$ cat final.txt   # compact mmCIF, C-alpha atoms
# COMPACT_ATOMS: atom_id res chain seq x y z
CA MET A 1 18.92 -2.43 -5.63
CA PHE A 2 19.66 -0.29 -2.61
CA ALA A 3 17.41 2.64 -1.90
CA PRO A 4 18.00 5.45 0.61
CA PHE A 5 15.48 5.40 3.44
CA SER A 6 15.65 9.16 3.93
CA ASN A 7 16.08 12.36 1.94
CA ARG A 8 19.79 12.40 2.64
CA SER A 9 22.23 12.41 -0.24
CA PRO A 10 24.12 9.15 -0.89
CA GLU A 11 27.17 10.65 0.87
CA GLN A 12 25.07 11.36 3.98
CA THR A 13 23.18 8.06 4.02
CA ASN A 14 23.97 5.72 6.86
CA LYS A 15 24.05 1.97 6.37
CA GLU A 16 21.00 1.70 8.66
CA ASP A 17 19.02 3.90 6.24
CA LEU A 18 19.28 1.40 3.37
CA ILE A 19 16.93 -1.42 2.52
CA PHE A 20 17.38 -4.17 -0.02
CA ILE A 21 14.48 -5.27 -2.20
CA GLN A 22 14.75 -7.73 -5.05
CA PRO A 23 12.01 -8.25 -7.63
CA VAL A 24 10.25 -11.60 -7.53
CA GLY A 25 9.24 -11.12 -11.15
CA PHE A 26 8.22 -8.67 -13.83
CA VAL A 27 5.04 -7.49 -15.56
CA GLU A 28 4.42 -8.32 -19.19
CA ASN A 29 1.71 -6.54 -21.15
CA GLN A 30 1.26 -4.39 -24.26
CA ILE A 31 1.69 -1.02 -22.52
CA CYS A 32 5.28 0.22 -22.71
CA GLU A 33 4.74 3.89 -21.82
CA PRO A 34 2.96 5.34 -18.78
CA THR A 35 -0.71 5.88 -19.57
CA SER A 36 -4.01 6.14 -17.71
CA PRO A 37 -4.67 3.36 -15.19
CA GLU A 38 -8.03 2.65 -16.84
CA GLN A 39 -6.37 1.81 -20.17
CA ILE A 40 -3.87 -0.52 -18.56
CA ARG A 41 -6.47 -2.27 -16.37
CA GLU A 42 -8.58 -3.13 -19.44
CA LEU A 43 -5.84 -5.49 -20.62
CA GLU A 44 -4.73 -8.78 -19.21
CA SER A 45 -1.20 -8.81 -17.87
CA ARG A 46 1.22 -11.56 -17.04
CA ILE A 47 3.36 -11.69 -13.95
CA VAL A 48 6.49 -13.63 -14.89
CA LEU A 49 8.04 -14.90 -11.68
CA LYS A 50 11.71 -15.68 -11.34
CA HIS A 51 11.99 -19.46 -11.21
CA GLN A 52 13.24 -19.54 -7.61
CA PHE A 53 9.88 -18.09 -6.46
CA ILE A 54 7.51 -20.56 -8.17
CA GLY A 55 7.01 -22.48 -4.90
CA GLY A 56 5.56 -19.31 -3.38
CA THR A 57 2.43 -19.68 -5.53
CA LEU A 58 1.28 -22.83 -3.69
CA GLY A 59 -2.20 -22.07 -2.36
CA LEU A 60 -3.02 -19.41 -4.94
CA GLU A 61 -6.10 -20.30 -6.99
CA PRO A 62 -7.50 -18.84 -10.21
CA GLY A 63 -10.59 -16.79 -9.41
CA GLN A 64 -9.21 -15.20 -6.27
CA GLN A 65 -8.04 -11.63 -5.84
CA ILE A 66 -4.42 -11.02 -4.99
CA LEU A 67 -2.39 -7.90 -4.27
CA ILE A 68 0.52 -7.11 -6.56
CA VAL A 69 3.17 -4.90 -4.96
CA PHE A 70 5.38 -3.30 -7.59
CA TYR A 71 8.04 -0.66 -8.16
CA PHE A 72 7.26 2.37 -10.36
CA HIS A 73 10.55 1.96 -12.24
CA ARG A 74 9.85 4.90 -14.58
CA SER A 75 9.12 7.37 -11.78
CA SER A 76 11.99 9.76 -11.11
CA ARG A 77 10.69 12.53 -8.87
CA TYR A 78 7.77 13.52 -6.69
CA GLU A 79 6.08 16.50 -5.08
CA LEU A 80 4.23 16.27 -1.78
CA LEU A 81 1.28 18.14 -3.32
CA GLN A 82 0.05 17.09 -6.76
CA HIS A 83 -2.92 17.64 -9.00
CA PRO A 84 -4.85 14.33 -9.19
CA ARG A 85 -3.75 12.60 -12.41
CA GLY A 86 -1.95 15.78 -13.39
CA ASP A 87 -5.26 17.56 -14.08
CA GLN A 88 -4.54 21.25 -13.37
CA ARG A 89 -8.30 21.91 -13.00
CA LYS A 90 -8.39 19.79 -9.84
CA ASP A 91 -7.11 21.07 -6.50
CA LYS A 92 -3.77 19.70 -5.36
CA ARG A 93 -3.80 16.88 -2.84
CA GLY A 94 -1.14 15.25 -0.73
CA VAL A 95 0.78 12.43 -2.40
CA PHE A 96 -0.44 9.99 0.29
CA ALA A 97 -4.04 10.75 -0.73
CA LEU A 98 -3.33 9.79 -4.36
CA ARG A 99 -2.41 6.68 -6.35
CA SER A 100 0.22 8.68 -8.23
CA PRO A 101 3.38 6.84 -9.34
CA ASN A 102 5.38 9.93 -8.32
CA ARG A 103 5.95 9.18 -4.63
CA PRO A 104 8.75 9.38 -2.05
CA ASN A 105 9.07 5.59 -2.34
CA PRO A 106 7.69 4.71 -5.79
CA ILE A 107 5.81 1.59 -4.75
CA GLY A 108 2.42 0.64 -6.15
CA VAL A 109 -0.15 -1.85 -4.87
CA THR A 110 -3.07 -3.11 -6.93
CA ALA A 111 -5.73 -5.75 -6.24
CA VAL A 112 -6.02 -7.96 -9.33
CA ASP A 113 -8.09 -10.93 -10.42
CA LEU A 114 -5.95 -14.05 -10.76
CA LEU A 115 -7.06 -15.75 -13.97
CA GLU A 116 -4.54 -18.56 -14.39
CA ILE A 117 -1.25 -19.95 -13.08
CA THR A 118 0.97 -21.85 -15.49
CA GLY A 119 4.46 -22.61 -14.19
CA ASN A 120 6.04 -19.26 -13.38
CA ILE A 121 3.36 -17.21 -15.21
CA LEU A 122 0.39 -15.62 -13.42
CA ARG A 123 -2.22 -14.25 -15.80
CA VAL A 124 -4.10 -11.36 -14.14
CA ARG A 125 -6.67 -8.67 -14.88
CA ASN A 126 -6.92 -5.10 -13.49
CA LEU A 127 -3.19 -4.52 -12.98
CA ASP A 128 -2.20 -0.88 -13.54
CA ALA A 129 1.51 -1.46 -14.13
CA ILE A 130 3.29 -1.19 -17.48
CA ASN A 131 5.42 -3.73 -19.32
CA GLY A 132 8.73 -4.39 -17.55
CA THR A 133 7.56 -3.21 -14.12
CA PRO A 134 9.40 -5.05 -11.33
CA VAL A 135 7.05 -7.01 -9.06
CA LEU A 136 8.21 -6.84 -5.43
CA ASP A 137 5.66 -9.12 -3.76
CA ILE A 138 2.34 -10.92 -4.14
CA LYS A 139 -0.11 -11.20 -1.26
CA PRO A 140 -3.67 -12.47 -0.77
CA ALA A 141 -6.25 -9.66 -0.93
$ encode --input "final.txt" --output "structure tokens"
Amino acid sequence: MFAPFSNRSPEQTNKEDLIFIQPVGFVENQICEPTSPEQIRELESRIVLKHQFIGGTLGLEPGQQILIVFYFHRSSRYELLQHPRGDQRKDKRGVFALRSPNRPNPIGVTAVDLLEITGNILRVRNLDAINGTPVLDIKPA
């Protein structure tokens, strides 16, 4: 997928303003619609890696924390100032001060507990991404 690096329209976007990111895998869990992060984190999730990336798990061990970098694939727009979690009773804050999925570049990062690795499947806890979410990278915490 190509994504514009600026707020320019596709017609105005220069080749230098594009970046290419491919998912290394996808999230599998029981949550198919956006919901509160607390509800999602209560469940275990699976990171299903594309087979060509299995070798990248060498050195990961169950019991450690890892960072999952993912793409908010259901996010379509953003505002620079937002009410935290959409709660109108709370004062607006800047998008960079929030964990909102509605961001200029809809990328999420969550520290998770790695429970198990079996082949191309990483079983994790505390991931706040819904079923089908593209995983962009995995890093040690």
$ closest_atom_pairs --input "final.txt" --of "range 96-128 of chain A" --to "range 88-92 of chain A" --cutoff "12 Å" --atoms "all atoms listed in the file" --output "Markdown table"
| residue | atom | partner | partner_atom | distance |
| --- | --- | --- | --- | --- |
| A:Phe96 | CA | A:Lys92 | CA | 11.7 |
| A:Ala97 | CA | A:Lys92 | CA | 10.1 |
| A:Leu98 | CA | A:Lys92 | CA | 10.0 |
$ atom_distance --input "final.txt" --atom1 "CA of Val27 in chain A" --atom2 "CA of Pro134 in chain A"
6.5 Å
$ closest_residue --input "final.txt" --among "A:Glu79, A:Glu33, A:Glu16, A:Asp113" --to "Leu127 in chain A" --atoms "all atoms listed in the file"
A:Asp113
$ atom_distance --input "final.txt" --atom1 "CA of Thr133 in chain A" --atom2 "CA of Ile68 in chain A"
11.0 Å
$ closest_residue --input "final.txt" --among "A:Val135, A:Val95, A:Leu122, A:Ile31" --to "Arg77 in chain A" --atoms "only C-alpha atoms"
A:Val95
$ closest_atom_pairs --input "final.txt" --of "range 103-125 of chain A" --to "range 34-41 of chain A" --cutoff "12 Å" --atoms "all atoms listed in the file" --output "CSV"
residue,atom,partner,partner_atom,distance
A:Gly108,CA,A:Pro37,CA,11.8
A:Thr110,CA,A:Arg41,CA,10.1
A:Ala111,CA,A:Arg41,CA,10.7
A:Val112,CA,A:Arg41,CA,9.1
A:Asp113,CA,A:Arg41,CA,10.6
A:Val124,CA,A:Arg41,CA,9.7
A:Arg125,CA,A:Arg41,CA,6.6
$ residues_around --input "final.txt" --residues "Thr118 in chain A" --least-positions-apart "2" --cutoff "12 Å" --atoms "only C-alpha atoms" --output "ChimeraX atom specification"
/A:46-49,54,57-58,60-62,114-116,120-124
$ atom_distance --input "final.txt" --atom1 "CA of Gly132 in chain A" --atom2 "CA of Gln30 in chain A"
10.0 Å
$ residues_around --input "final.txt" --residues "Gly94 in chain A" --least-positions-apart "5" --cutoff "12 Å" --atoms "all atoms listed in the file" --output "MDAnalysis selection string"
chainID A and resid 78:84 99:100 102:104
$ closest_residue --input "final.txt" --among "A:Gly86, A:Gly63, A:Leu43, A:Val24" --to "Ile138 in chain A" --atoms "only C-alpha atoms"
A:Val24
$ residues_around --input "final.txt" --residues "Pro140 in chain A" --least-positions-apart "5" --cutoff "7 Å" --atoms "all atoms listed in the file" --output "ChimeraX atom specification"
/A:65-67
$ closest_residue --input "final.txt" --among "A:Gln64, A:Ile19, A:Glu42, A:His51" --to "Lys139 in chain A" --atoms "all atoms listed in the file"
A:Gln64
$ closest_residue --input "final.txt" --among "A:Ala141, A:Ser76, A:Phe70, A:Glu44" --to "Gly25 in chain A" --atoms "all atoms listed in the file"
A:Phe70
$ decode --input "final.txt" --residues "range 75-89 of chain A" --atoms "N, CA and C atoms" --output "PDB file, in the first residue's frame"
ATOM      1  N   SER A  75      -9.722   3.145  10.472  1.00  0.00           N
ATOM      2  CA  SER A  75      -9.712   4.585  10.713  1.00  0.00           C
ATOM      3  C   SER A  75      -9.724   5.310   9.373  1.00  0.00           C
ATOM      4  N   SER A  76     -10.602   6.323   9.248  1.00  0.00           N
ATOM      5  CA  SER A  76     -10.705   6.995   7.955  1.00  0.00           C
ATOM      6  C   SER A  76     -10.437   8.499   8.019  1.00  0.00           C
ATOM      7  N   ARG A  77     -10.463   9.068   9.194  1.00  0.00           N
ATOM      8  CA  ARG A  77     -10.262  10.514   9.285  1.00  0.00           C
ATOM      9  C   ARG A  77      -9.705  10.839  10.662  1.00  0.00           C
ATOM     10  N   TYR A  78      -9.263  12.070  10.820  1.00  0.00           N
ATOM     11  CA  TYR A  78      -8.756  12.497  12.123  1.00  0.00           C
ATOM     12  C   TYR A  78      -8.995  13.984  12.294  1.00  0.00           C
ATOM     13  N   GLU A  79      -8.928  14.422  13.530  1.00  0.00           N
ATOM     14  CA  GLU A  79      -8.924  15.841  13.890  1.00  0.00           C
ATOM     15  C   GLU A  79      -7.722  16.048  14.798  1.00  0.00           C
ATOM     16  N   LEU A  80      -7.073  17.198  14.684  1.00  0.00           N
ATOM     17  CA  LEU A  80      -5.907  17.450  15.527  1.00  0.00           C
ATOM     18  C   LEU A  80      -6.278  17.553  16.999  1.00  0.00           C
ATOM     19  N   LEU A  81      -7.488  18.038  17.291  1.00  0.00           N
ATOM     20  CA  LEU A  81      -7.972  18.109  18.666  1.00  0.00           C
ATOM     21  C   LEU A  81      -9.156  17.171  18.804  1.00  0.00           C
ATOM     22  N   GLN A  82      -9.099  16.296  19.816  1.00  0.00           N
ATOM     23  CA  GLN A  82     -10.149  15.299  20.028  1.00  0.00           C
ATOM     24  C   GLN A  82     -10.465  15.183  21.506  1.00  0.00           C
ATOM     25  N   HIS A  83     -11.702  14.817  21.794  1.00  0.00           N
ATOM     26  CA  HIS A  83     -12.069  14.473  23.157  1.00  0.00           C
ATOM     27  C   HIS A  83     -11.493  13.084  23.451  1.00  0.00           C
ATOM     28  N   PRO A  84     -10.790  12.906  24.575  1.00  0.00           N
ATOM     29  CA  PRO A  84     -10.254  11.580  24.895  1.00  0.00           C
ATOM     30  C   PRO A  84     -11.354  10.516  24.860  1.00  0.00           C
ATOM     31  N   ARG A  85     -11.123   9.480  24.074  1.00  0.00           N
ATOM     32  CA  ARG A  85     -12.057   8.368  23.885  1.00  0.00           C
ATOM     33  C   ARG A  85     -13.448   8.833  23.461  1.00  0.00           C
ATOM     34  N   GLY A  86     -13.507   9.992  22.828  1.00  0.00           N
ATOM     35  CA  GLY A  86     -14.776  10.510  22.331  1.00  0.00           C
ATOM     36  C   GLY A  86     -15.710  11.023  23.410  1.00  0.00           C
ATOM     37  N   ASP A  87     -15.235  11.116  24.648  1.00  0.00           N
ATOM     38  CA  ASP A  87     -16.055  11.553  25.777  1.00  0.00           C
ATOM     39  C   ASP A  87     -16.165  13.080  25.762  1.00  0.00           C
ATOM     40  N   GLN A  88     -17.331  13.591  25.366  1.00  0.00           N
ATOM     41  CA  GLN A  88     -17.557  15.032  25.234  1.00  0.00           C
ATOM     42  C   GLN A  88     -17.403  15.773  26.566  1.00  0.00           C
ATOM     43  N   ARG A  89     -17.456  15.073  27.688  1.00  0.00           N
ATOM     44  CA  ARG A  89     -17.303  15.718  29.006  1.00  0.00           C
ATOM     45  C   ARG A  89     -15.850  16.070  29.294  1.00  0.00           C
TER      46      ARG A  89
END
